[in-house]
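Visitor: Supplied structure: coords_34.cif, mmCIF, C-alpha atoms.
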```cif
data_final
loop_
_atom_site.label_atom_id
_atom_site.label_comp_id
_atom_site.auth_asym_id
_atom_site.auth_seq_id
_atom_site.Cartn_x
_atom_site.Cartn_y
_atom_site.Cartn_z
CA MET K 17 261.56 34.38 55.76
CA ALA K 18 263.12 37.54 57.11
CA HIS K 19 263.09 40.61 54.89
CA SER K 20 266.39 42.03 53.79
CA LEU K 21 267.43 45.53 54.81
CA ILE K 22 266.66 46.84 51.31
CA GLN K 23 263.15 45.37 51.37
CA ARG K 24 262.42 46.89 54.77
CA ARG K 25 263.55 50.29 53.52
CA GLN K 26 261.33 50.00 50.43
CA GLU K 27 258.27 49.05 52.53
CA ALA K 28 258.92 51.94 54.89
CA GLU K 29 259.15 54.33 51.94
CA ARG K 30 255.84 53.04 50.51
CA ALA K 31 254.19 53.51 53.91
CA ARG K 32 255.45 57.12 54.10
CA VAL K 33 254.13 57.84 50.57
CA GLU K 34 250.71 56.36 51.39
CA ALA K 35 250.51 58.38 54.62
CA TYR K 36 251.46 61.57 52.76
CA GLU K 37 248.83 60.98 50.04
CA LEU K 38 246.19 60.29 52.72
CA SER K 39 247.00 63.57 54.45
CA LEU K 40 246.72 65.42 51.14
CA ARG K 41 243.26 63.97 50.57
CA HIS K 42 242.20 65.26 53.98
CA VAL K 43 243.47 68.82 53.54
CA SER K 44 243.01 69.47 49.83
CA GLN K 45 239.81 71.18 48.62
CA ARG K 46 237.31 69.38 46.52
CA THR K 47 237.16 70.35 42.89
CA ARG K 48 234.61 73.16 42.44
CA PRO K 49 231.90 72.58 39.84
CA PRO K 50 231.98 74.88 36.82
CA PRO K 51 229.56 77.85 36.69
CA ASP K 52 226.03 76.75 35.73
CA PHE K 53 225.50 78.99 32.71
CA GLU K 54 222.69 76.84 31.34
CA THR K 55 220.50 77.28 34.43
CA ALA K 56 221.21 81.02 34.49
CA ILE K 57 220.08 81.39 30.88
CA TYR K 58 216.96 79.32 31.52
CA GLU K 59 215.91 81.31 34.60
CA ALA K 60 216.53 84.68 32.93
CA ARG K 61 214.72 83.81 29.69
CA ARG K 62 211.69 82.09 31.27
CA GLY K 63 208.54 84.08 30.54
CA PHE K 64 210.31 86.57 28.25
CA GLU K 65 211.29 84.38 25.31
CA ALA K 66 209.77 86.83 22.82
CA ASP K 67 211.97 89.68 24.10
CA VAL K 68 215.37 87.97 23.66
CA VAL K 69 217.72 90.00 21.46
CA ARG K 70 220.70 87.59 21.35
CA ASP K 71 221.20 83.88 20.75
CA ALA K 72 221.32 82.10 24.10
CA GLN K 73 223.47 79.31 22.69
CA ALA K 74 226.16 81.81 21.76
CA TRP K 75 226.63 83.06 25.32
CA LYS K 76 230.20 82.30 26.35
CA PRO K 77 230.84 84.46 29.41
CA GLN K 78 234.31 84.77 30.89
CA MET K 79 233.07 84.41 34.48
CA LYS K 80 234.49 82.40 37.35
CA THR K 81 231.70 83.07 39.85
CA ARG K 82 229.40 80.25 40.92
CA ASP K 83 226.89 82.67 42.50
CA ALA K 84 223.52 81.86 40.90
CA ALA K 85 222.19 85.40 41.37
CA ARG K 86 225.15 87.07 39.66
CA LEU K 87 225.02 84.52 36.84
CA ARG K 88 221.30 85.18 36.40
CA LEU K 89 221.88 88.94 36.16
CA ALA K 90 224.67 88.39 33.63
CA ALA K 91 222.36 86.17 31.58
CA ALA K 92 219.58 88.80 31.68
CA ARG K 93 222.00 91.49 30.49
CA TYR K 94 223.13 89.28 27.62
CA LEU K 95 219.62 88.24 26.57
CA PHE K 96 217.77 91.56 26.84
CA ALA K 97 220.04 94.58 27.27
CA ARG K 98 220.82 96.90 24.40
CA TYR K 99 221.51 99.73 26.86
CA PRO K 100 222.72 99.88 30.48
CA VAL K 101 220.09 100.59 33.11
CA ALA K 102 220.14 101.74 36.74
CA GLU K 103 220.96 99.27 39.50
CA HIS K 104 217.46 99.27 41.02
CA LEU K 105 216.03 97.78 37.81
CA GLU K 106 218.63 95.00 37.81
CA GLN K 107 218.10 94.06 41.45
CA ILE K 108 215.12 91.81 40.66
CA TRP K 109 217.45 89.28 38.99
CA ILE K 110 219.59 89.10 42.12
CA ASP K 111 217.05 89.10 44.96
CA ALA K 112 213.27 88.70 44.76
CA ALA K 113 212.74 87.76 48.41
CA GLY K 114 209.42 88.93 49.89
CA LEU K 115 207.81 89.72 46.53
CA ASP K 116 204.77 87.95 45.13
CA ALA K 117 204.69 86.47 41.65
CA ASP K 118 202.89 89.47 40.11
CA GLU K 119 205.40 91.96 41.52
CA ILE K 120 208.35 89.85 40.34
CA ALA K 121 206.87 89.66 36.83
CA LEU K 122 206.25 93.43 36.79
CA ARG K 123 209.81 94.31 37.81
CA LYS K 124 211.33 91.89 35.32
CA ARG K 125 209.09 93.31 32.59
CA TRP K 126 210.22 96.85 33.41
CA TYR K 127 213.85 95.76 33.23
CA VAL K 128 213.38 93.97 29.89
CA VAL K 129 211.60 96.98 28.38
CA ALA K 130 214.02 99.59 29.73
CA ALA K 131 217.17 97.60 28.92
CA GLY K 132 215.86 96.92 25.43
CA GLY K 133 215.28 100.60 24.75
CA GLY K 134 211.50 100.38 24.93
CA SER K 135 208.98 102.68 26.59
CA LEU K 136 207.98 101.98 30.18
CA HIS K 137 205.11 104.40 29.67
CA GLY K 138 203.68 102.09 27.03
CA ALA K 139 204.48 99.01 29.13
CA GLY K 140 202.00 99.99 31.85
CA ALA K 141 204.14 102.18 34.10
CA ASN K 142 201.88 105.12 33.21
CA ALA K 143 199.42 103.73 35.77
CA TRP K 144 201.74 105.12 38.47
CA LEU K 145 204.18 107.55 36.85
CA SER K 146 204.01 110.38 34.34
CA ARG K 147 206.57 110.65 31.51
CA LYS K 148 208.57 113.18 33.51
CA GLU K 149 208.53 110.90 36.54
CA LEU K 150 209.56 107.90 34.44
CA HIS K 151 212.64 109.81 33.32
CA ALA K 152 213.50 110.51 36.97
CA PHE K 153 212.84 106.85 37.82
CA LEU K 154 215.27 105.65 35.17
CA ASN K 155 217.86 108.21 36.32
CA PRO K 156 217.58 108.23 40.13
CA LEU K 157 219.45 110.39 42.60
CA GLY K 158 222.07 107.93 43.81
CA ARG K 159 221.76 104.24 44.60
CA LEU K 160 218.17 103.45 45.56
CA GLY K 161 215.91 100.43 45.75
CA PHE K 162 213.09 99.89 43.28
CA GLU K 163 210.29 101.43 45.39
CA ALA K 164 212.53 104.22 46.66
CA ALA K 165 213.35 105.10 43.05
CA ILE K 166 209.62 105.35 42.28
CA TRP K 167 208.92 107.72 45.16
CA GLN K 168 211.97 109.92 44.60
CA ALA K 169 210.79 110.27 41.00
CA ILE K 170 207.33 111.36 42.18
CA ALA K 171 208.86 113.77 44.70
CA ARG K 172 211.10 115.31 42.02
CA SER K 173 208.00 116.19 40.00
CA TYR K 174 206.76 118.32 42.92
CA ALA K 175 210.00 119.66 44.41
CA ASN K 176 213.03 121.28 42.84
CA ASP K 177 215.22 120.44 45.83
CA PRO K 178 216.84 116.99 45.32
CA GLY K 179 217.41 116.79 49.08
CA VAL K 180 213.66 116.77 49.69
CA ALA K 181 213.19 113.97 47.15
CA LEU K 182 215.95 111.87 48.71
CA ARG K 183 214.52 112.33 52.20
CA ILE K 184 211.13 111.12 51.00
CA ALA K 185 212.83 108.14 49.34
CA ARG K 186 214.21 107.15 52.75
CA THR K 187 210.85 107.17 54.54
CA ARG K 188 208.34 104.39 55.15
CA ILE K 189 206.20 105.76 52.34
CA THR K 190 208.28 103.51 50.08
CA GLN K 191 206.79 100.48 51.90
CA THR K 192 203.16 101.35 51.21
CA PRO K 193 200.97 99.04 49.10
CA ARG K 194 200.79 99.78 45.39
CA ALA K 195 196.97 99.80 45.66
CA GLU K 196 197.18 102.93 47.88
CA HIS K 197 199.43 104.77 45.44
CA GLY K 198 196.99 107.65 44.83
CA PHE K 199 196.68 108.58 48.50
CA TRP K 200 200.43 108.41 49.21
CA ARG K 201 201.15 110.49 46.10
CA GLU K 202 199.07 113.23 47.77
CA VAL K 203 201.11 112.72 50.94
CA VAL K 204 204.38 113.12 49.00
CA ARG K 205 203.06 116.26 47.37
CA PHE K 206 202.21 117.61 50.84
CA PHE K 207 205.71 116.87 52.17
CA CYS K 208 207.26 118.53 49.12
CA ALA K 209 205.24 121.67 49.86
CA HIS K 210 206.00 121.37 53.61
CA PRO K 211 209.55 119.95 53.83
CA THR K 212 210.51 118.25 57.07
CA THR K 213 212.81 115.54 58.42
CA VAL K 214 212.71 111.82 57.65
CA GLU K 215 211.90 111.18 61.31
CA GLU K 216 208.85 113.47 61.33
CA MET K 217 207.57 112.04 58.04
CA ASP K 218 207.87 108.53 59.47
CA ASP K 219 206.07 109.61 62.65
CA LEU K 220 203.22 111.04 60.58
CA HIS K 221 203.17 107.98 58.30
CA ASP K 222 201.43 105.76 60.88
CA TYR K 223 198.84 108.41 61.67
CA LEU K 224 198.10 109.11 58.01
CA ALA K 225 197.83 105.37 57.28
CA ALA K 226 195.29 105.03 60.11
CA CYS K 227 193.30 108.01 58.77
CA TYR K 228 193.20 106.47 55.30
CA ARG K 229 192.12 103.05 56.63
CA ARG K 230 189.34 104.70 58.61
CA ASP K 231 188.24 107.00 55.78
CA PRO K 232 189.46 106.38 52.20
CA ALA K 233 188.26 109.90 51.33
CA PHE K 234 190.67 111.46 53.85
CA SER K 235 192.50 114.42 52.31
CA LEU K 236 195.43 116.65 53.25
CA LYS K 237 193.96 119.74 51.60
CA GLY K 238 194.05 122.74 53.91
CA ARG K 239 196.26 121.02 56.48
CA THR K 240 199.68 122.04 57.78
CA LEU K 241 202.52 120.24 59.50
CA THR K 242 201.50 121.92 62.74
CA SER K 243 197.87 120.77 62.53
CA LEU K 244 198.87 117.25 61.48
CA GLY K 245 201.32 117.06 64.37
CA ARG K 246 198.61 118.10 66.82
CA GLN K 247 196.15 115.57 65.40
CA MET K 248 198.83 112.85 65.48
CA ARG K 249 199.49 113.51 69.17
CA GLU K 250 195.76 113.34 69.89
CA TRP K 251 195.63 110.04 68.00
CA HIS K 252 198.49 108.65 70.09
CA ARG K 253 196.67 109.72 73.26
CA ASP K 254 193.57 107.94 71.97
CA LEU K 255 195.59 104.79 71.37
CA GLU K 256 196.98 104.98 74.89
CA ALA K 257 193.45 105.47 76.28
CA VAL K 258 192.21 102.45 74.31
CA ALA K 259 195.12 100.39 75.62
CA ARG K 260 194.34 101.39 79.24
CA ILE K 261 190.66 100.58 78.86
CA GLU K 262 191.41 97.26 77.17
CA ALA K 263 193.84 96.33 79.94
CA ALA K 264 191.21 97.17 82.59
CA ARG K 265 188.57 95.16 80.71
CA ARG K 266 190.82 92.13 80.45
CA ARG K 267 191.64 92.29 84.15
CA ALA K 268 187.95 92.50 85.02
CA GLU K 269 187.06 89.61 82.70
CA ALA K 270 189.91 87.51 84.06
CA ALA K 271 188.76 88.17 87.64
CA ARG K 272 185.19 87.13 86.78
CA ASN K 273 186.45 83.99 85.05
CA ARG K 274 188.61 83.06 88.04
CA ALA K 275 185.63 83.53 90.35
CA ARG K 276 183.70 81.05 88.19
CA GLY K 277 186.65 78.69 88.02
CA LEU K 278 187.21 79.35 84.31
CA VAL K 279 190.85 80.37 84.25
CA ALA K 280 191.64 79.74 80.55
CA VAL K 281 188.52 81.30 78.99
CA PRO K 282 189.51 83.70 76.14
CA VAL K 283 188.48 87.34 76.59
CA ASP K 284 186.23 88.83 73.89
CA ASP K 285 187.15 92.03 72.09
CA ALA K 286 184.00 93.77 73.39
CA TRP K 287 182.39 93.87 76.80
CA ARG K 288 178.87 92.48 77.23
CA GLY K 289 176.96 95.72 77.53
CA ALA K 290 173.20 95.98 77.91
CA ALA K 291 170.98 93.26 76.47
CA ILE K 292 169.23 95.75 74.18
CA ALA K 293 169.40 95.62 70.38
CA ASP K 294 170.56 98.56 68.29
CA TRP K 295 167.77 100.59 66.70
CA SER K 296 167.14 102.49 63.47
CA TRP K 297 164.34 104.67 62.10
CA THR K 298 164.05 105.98 58.54
CA LEU K 299 162.32 109.17 57.46
CA SER K 300 160.78 108.61 54.02
CA PHE K 301 160.47 111.34 51.39
CA LYS K 302 159.28 111.24 47.80
CA ASP K 303 162.64 112.67 46.89
CA ARG K 304 165.00 109.76 47.66
CA SER K 305 167.95 112.13 47.91
CA ARG K 306 166.35 113.55 51.09
CA ARG K 307 166.13 110.15 52.78
CA GLU K 308 167.33 110.23 56.40
CA GLU K 309 168.04 107.38 58.80
CA TYR K 310 168.50 107.69 62.53
CA VAL K 311 170.34 104.92 64.36
CA VAL K 312 171.12 104.31 68.03
CA ILE K 313 174.02 101.90 68.56
CA GLN K 314 175.68 100.65 71.71
CA LEU K 315 179.39 101.37 72.18
CA ARG K 316 180.96 98.17 73.46
CA THR K 317 184.69 98.56 72.78
CA ALA K 318 187.41 100.87 74.01
CA ALA K 319 188.04 102.15 70.48
CA ASP K 320 184.36 103.08 70.07
CA LEU K 321 184.29 104.97 73.36
CA VAL K 322 187.49 106.89 72.64
CA ALA K 323 186.31 107.76 69.10
CA GLU K 324 183.01 109.06 70.54
CA THR K 325 184.90 111.15 73.07
CA ARG K 326 187.15 112.64 70.40
CA ALA K 327 184.32 113.37 67.95
CA MET K 328 181.86 114.76 70.50
CA ARG K 329 184.40 116.62 72.68
CA HIS K 330 183.23 115.20 76.00
CA CYS K 331 184.50 112.72 78.60
CA VAL K 332 182.45 109.60 77.92
CA ALA K 333 185.64 107.50 77.63
CA THR K 334 186.04 107.89 81.40
CA TYR K 335 182.87 105.80 81.81
CA ALA K 336 184.67 102.69 80.51
CA ALA K 337 185.07 101.19 83.99
CA LYS K 338 181.31 101.47 84.63
CA CYS K 339 180.57 99.82 81.27
CA ILE K 340 183.04 96.97 81.91
CA ALA K 341 181.54 96.36 85.36
CA GLY K 342 178.00 96.36 83.92
CA HIS K 343 176.92 99.45 85.86
CA ALA K 344 176.19 101.47 82.72
CA SER K 345 175.96 101.26 78.94
CA ILE K 346 176.83 103.99 76.45
CA TRP K 347 174.87 104.61 73.25
CA SER K 348 175.33 106.90 70.25
CA LEU K 349 172.52 108.54 68.25
CA ARG K 350 173.59 109.17 64.67
CA ARG K 351 171.97 110.53 61.53
CA ARG K 352 172.75 109.10 58.09
CA ALA K 353 171.91 111.16 55.03
CA SER K 354 173.44 111.77 51.59
CA GLY K 355 176.12 109.16 52.22
CA ARG K 356 177.35 110.84 55.41
CA THR K 357 177.01 109.85 59.07
CA GLU K 358 176.70 112.56 61.72
CA ARG K 359 177.01 111.92 65.45
CA LEU K 360 174.21 113.74 67.30
CA LEU K 361 173.99 112.56 70.91
CA THR K 362 175.70 110.29 73.43
CA ILE K 363 173.42 108.52 75.92
CA GLU K 364 174.22 106.79 79.21
CA LEU K 365 171.80 104.11 80.40
CA ASP K 366 171.85 102.67 83.91
CA PRO K 367 171.19 98.94 84.59
CA ARG K 368 167.44 99.72 84.87
CA CYS K 369 167.36 101.01 81.25
CA ARG K 370 166.99 104.63 82.25
CA ALA K 371 168.69 107.37 80.23
CA VAL K 372 170.52 109.13 83.05
CA GLN K 373 172.62 111.36 80.78
CA VAL K 374 172.09 112.66 77.23
CA ARG K 375 174.67 115.02 75.77
CA GLY K 376 175.55 116.42 72.35
CA PHE K 377 178.74 118.01 71.06
CA ALA K 378 180.76 119.64 73.86
CA ASN K 379 178.15 118.50 76.42
CA ARG K 380 175.29 120.53 74.92
CA ALA K 381 171.69 119.57 75.72
CA PRO K 382 169.64 117.71 73.05
CA HIS K 383 167.63 119.77 70.55
CA ALA K 384 163.86 119.37 70.27
CA GLY K 385 164.12 117.30 67.06
CA GLU K 386 166.68 115.00 68.62
CA ARG K 387 164.49 114.61 71.69
CA LYS K 388 161.64 113.35 69.50
CA VAL K 389 163.91 110.72 67.93
CA LEU K 390 164.97 109.62 71.42
CA GLU K 391 161.32 109.26 72.43
CA ARG K 392 160.73 106.92 69.46
CA TRP K 393 163.77 104.89 70.49
CA GLY K 394 162.58 104.78 74.09
CA GLN K 395 159.15 103.52 73.05
CA ALA K 396 160.65 100.88 70.75
CA ARG K 397 163.20 99.58 73.27
CA GLY K 398 161.57 100.26 76.61
CA ILE K 399 163.96 103.05 77.58
CA ALA K 400 162.90 105.56 80.22
CA LEU K 401 163.98 109.12 79.39
CA LEU K 402 164.56 111.10 82.58
#
```
Starting from the coordinates I provided, produce the structure as structure tokens.

Guide:
Amino acid sequence: MAHSLIQRRQEAERARVEAYELSLRHVSQRTRPPPDFETAIYEARRGFEADVVRDAQAWKPQMKTRDAARLRLAAARYLFARYPVAEHLEQIWIDAAGLDADEIALRKRWYVVAAGGGSLHGAGANAWLSRKELHAFLNPLGRLGFEAAIWQAIARSYANDPGVALRIARTRITQTPRAEHGFWREVVRFFCAHPTTVEEMDDLHDYLAACYRRDPAFSLKGRTLTSLGRQMREWHRDLEAVARIEAARRRAEAARNRARGLVAVPVDDAWRGAAIADWSWTLSFKDRSRREEYVVIQLRTAADLVAETRAMRHCVATYAAKCIAGHASIWSLRRRASGRTERLLTIELDPRCRAVQVRGFANRAPHAGERKVLERWGQARGIALL
């Protein structure tokens, strides 16, 4: 049965309405979920239930944000804060990326104590900061991160110039491990007494870190920026020398491996050297404090050769190619006494186990006592002293 004109118009109108509603569903935004206040309260309170100063159930914030980090900070302020605190203490509630569980707990604890009006000194911060420094930490010079706030506080205890403290707070010192705090405090004190640029402090940072790794007793007493700069440049030259020697060693090893048809063999960190064991001899005394030990060790890495060159002020590092090729081996005679090790002589052996060169500091000849120790070593290891 044919539809009337009115019916056709009605059907057309319904089709237009349906098409319009379908287009609205495609372009309209989905309804946003409400802010998750319950999760924010739970995450802020977890682990610090005993420190809450307000009823969590009574929290009715007038917030539209759905950002979990901002909600968590707002919850922490509500639960713990009697007083406002600096931004660097609040940052832990917003972003804890890259921090381990212990560090996160420590920073949250410091926030809870400070915001609640408690004493950070009594909460364990005295392990790193004095009372004066804690005051500077809680009232930093400008907007700083947590670690930067710590180091600007330490710097302010040594320098009256806030510019010096802020420059230190912008250096890589702020990235040093908490376990090395004592050493880097000495470094900050040095830079406060010898102000310089952020760039120069960062340049010296790597050198000082290497010195501390090599010798935990390393100290800056009696040093100047000029002397440190000179030593840093020497250290960089040593690193470059090590890199050149290592590159030459790898090329030589790779060539030998190719000649044997072993293309993918990994290269060891040390060259082979002479097939002779290291040696030691101990002088015994009734007084144990006078005990002395002499050792002769083979230097089989680029770093060892360069360190021997630097300490003994001679050119043994230039013998690296001979050592890599197996045409020579380099040995170091050292004396250990009273907890200290002293380099005495550097010895070059040829492939026939003959000592073709023996030199002390700045290429001096061996003393009579050192010669006697070498004779003992030669007898024990079949070394011919020329």

Visitor: Residues near K:Ala185, anyone? I mean within 9 Å using all atoms listed in the file, not counting same-chain ones fewer than 3 positions away, as a PyMOL selection string.

Guide: chain K and resi 160+163-169+171+180-182+188-190

Visitor: Residues picked by the PyMOL selection byres ((chain K and resi 260-277) around 12) here, as a ChimeraX atom specification?

Guide: /K:253-259,278-288,316-322,333-342

Visitor: Box in all listed atoms of stretch 109-114 of chain K, axis-aligned, with 3 Å more on each side; write out centre and edge lengths in Å to one decimal as AutoDock Vina command-line options.

Guide:
```
--center_x 214.5 --center_y 88.5 --center_z 44.4 --size_x 16.2 --size_y 7.5 --size_z 16.9
```

Visitor: Which residue, K:Asp222, K:Asp52, K:Asp366, K:Asp294, has the smallest gap to K:Lys80 when you use only C-alpha atoms?

Guide: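 Nearest to K:Lys80: K:Asp52.
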
Visitor: Carefully work through the PyMOL selection byres ((chain K and resi 241-243) around 10) for this structure and note down the residues it includes, as number ranges by chain.

Guide: K: 206-207, 210-212, 216-217, 220, 238-240, 244-249

Visitor: Enumerate, as a PDB file with C-alpha atoms, in the coordinates of the input, the residues matched when the PyMOL selection byres ((chain K and resi 391-395) around 10) is run on the file above.

Guide:
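Listed below is the output, result29.pdb:
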```
ATOM      1  CA  ASP K 294     170.560  98.560  68.290  1.00  0.00           C
ATOM      2  CA  TRP K 295     167.770 100.590  66.700  1.00  0.00           C
ATOM      3  CA  SER K 296     167.140 102.490  63.470  1.00  0.00           C
ATOM      4  CA  TRP K 297     164.340 104.670  62.100  1.00  0.00           C
ATOM      5  CA  TYR K 310     168.500 107.690  62.530  1.00  0.00           C
ATOM      6  CA  VAL K 311     170.340 104.920  64.360  1.00  0.00           C
ATOM      7  CA  VAL K 312     171.120 104.310  68.030  1.00  0.00           C
ATOM      8  CA  LEU K 349     172.520 108.540  68.250  1.00  0.00           C
ATOM      9  CA  CYS K 369     167.360 101.010  81.250  1.00  0.00           C
ATOM     10  CA  ARG K 370     166.990 104.630  82.250  1.00  0.00           C
ATOM     11  CA  ALA K 371     168.690 107.370  80.230  1.00  0.00           C
ATOM     12  CA  GLU K 386     166.680 115.000  68.620  1.00  0.00           C
ATOM     13  CA  ARG K 387     164.490 114.610  71.690  1.00  0.00           C
ATOM     14  CA  LYS K 388     161.640 113.350  69.500  1.00  0.00           C
ATOM     15  CA  VAL K 389     163.910 110.720  67.930  1.00  0.00           C
ATOM     16  CA  LEU K 390     164.970 109.620  71.420  1.00  0.00           C
ATOM     17  CA  ALA K 396     160.650 100.880  70.750  1.00  0.00           C
ATOM     18  CA  ARG K 397     163.200  99.580  73.270  1.00  0.00           C
ATOM     19  CA  GLY K 398     161.570 100.260  76.610  1.00  0.00           C
ATOM     20  CA  ILE K 399     163.960 103.050  77.580  1.00  0.00           C
ATOM     21  CA  ALA K 400     162.900 105.560  80.220  1.00  0.00           C
ATOM     22  CA  LEU K 401     163.980 109.120  79.390  1.00  0.00           C
TER      23      LEU K 401
END
```

Visitor: Write out, as CSV, each residue of stretch 127-183 of chain K that has an atom at most 10 Å from stretch 105-123 of chain K, together with the closest pair of atoms and their distance in Å to one decimal, counting all atoms listed in the file, rows going by chain and rising number.

Guide:
```
residue,atom,partner,partner_atom,distance
K:Tyr127,CA,K:Leu105,CA,5.5
K:Val128,CA,K:Arg123,CA,8.7
K:Val129,CA,K:Arg123,CA,10.0
K:Ala130,CA,K:Leu105,CA,8.5
K:Ala131,CA,K:Leu105,CA,9.0
K:Ala139,CA,K:Leu122,CA,9.6
K:Gly140,CA,K:Leu122,CA,9.2
K:Ala141,CA,K:Leu122,CA,9.4
K:Phe153,CA,K:Leu105,CA,9.6
K:Leu154,CA,K:Leu105,CA,8.3
K:Leu160,CA,K:Leu105,CA,9.8
K:Gly161,CA,K:Gln107,CA,8.0
K:Phe162,CA,K:Leu105,CA,6.6
K:Ala165,CA,K:Leu105,CA,9.4
```

Visitor: What is the atom CA of K:Tyr223 to atom CA of K:His252 distance in Å?

Guide: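 Between these atoms lies a distance of 8.4 Å.
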
Visitor: Provide the atom CA of K:His151 to atom CA of K:Ile57 distance in Å, to one decimal place.

Guide: 29.5 Å

Visitor: Could you tell me how far atom CA of K:Val68 lies from atom CA of K:Leu95, in Å and to one decimal?

Guide: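 Distance between the two atoms: 5.2 Å.
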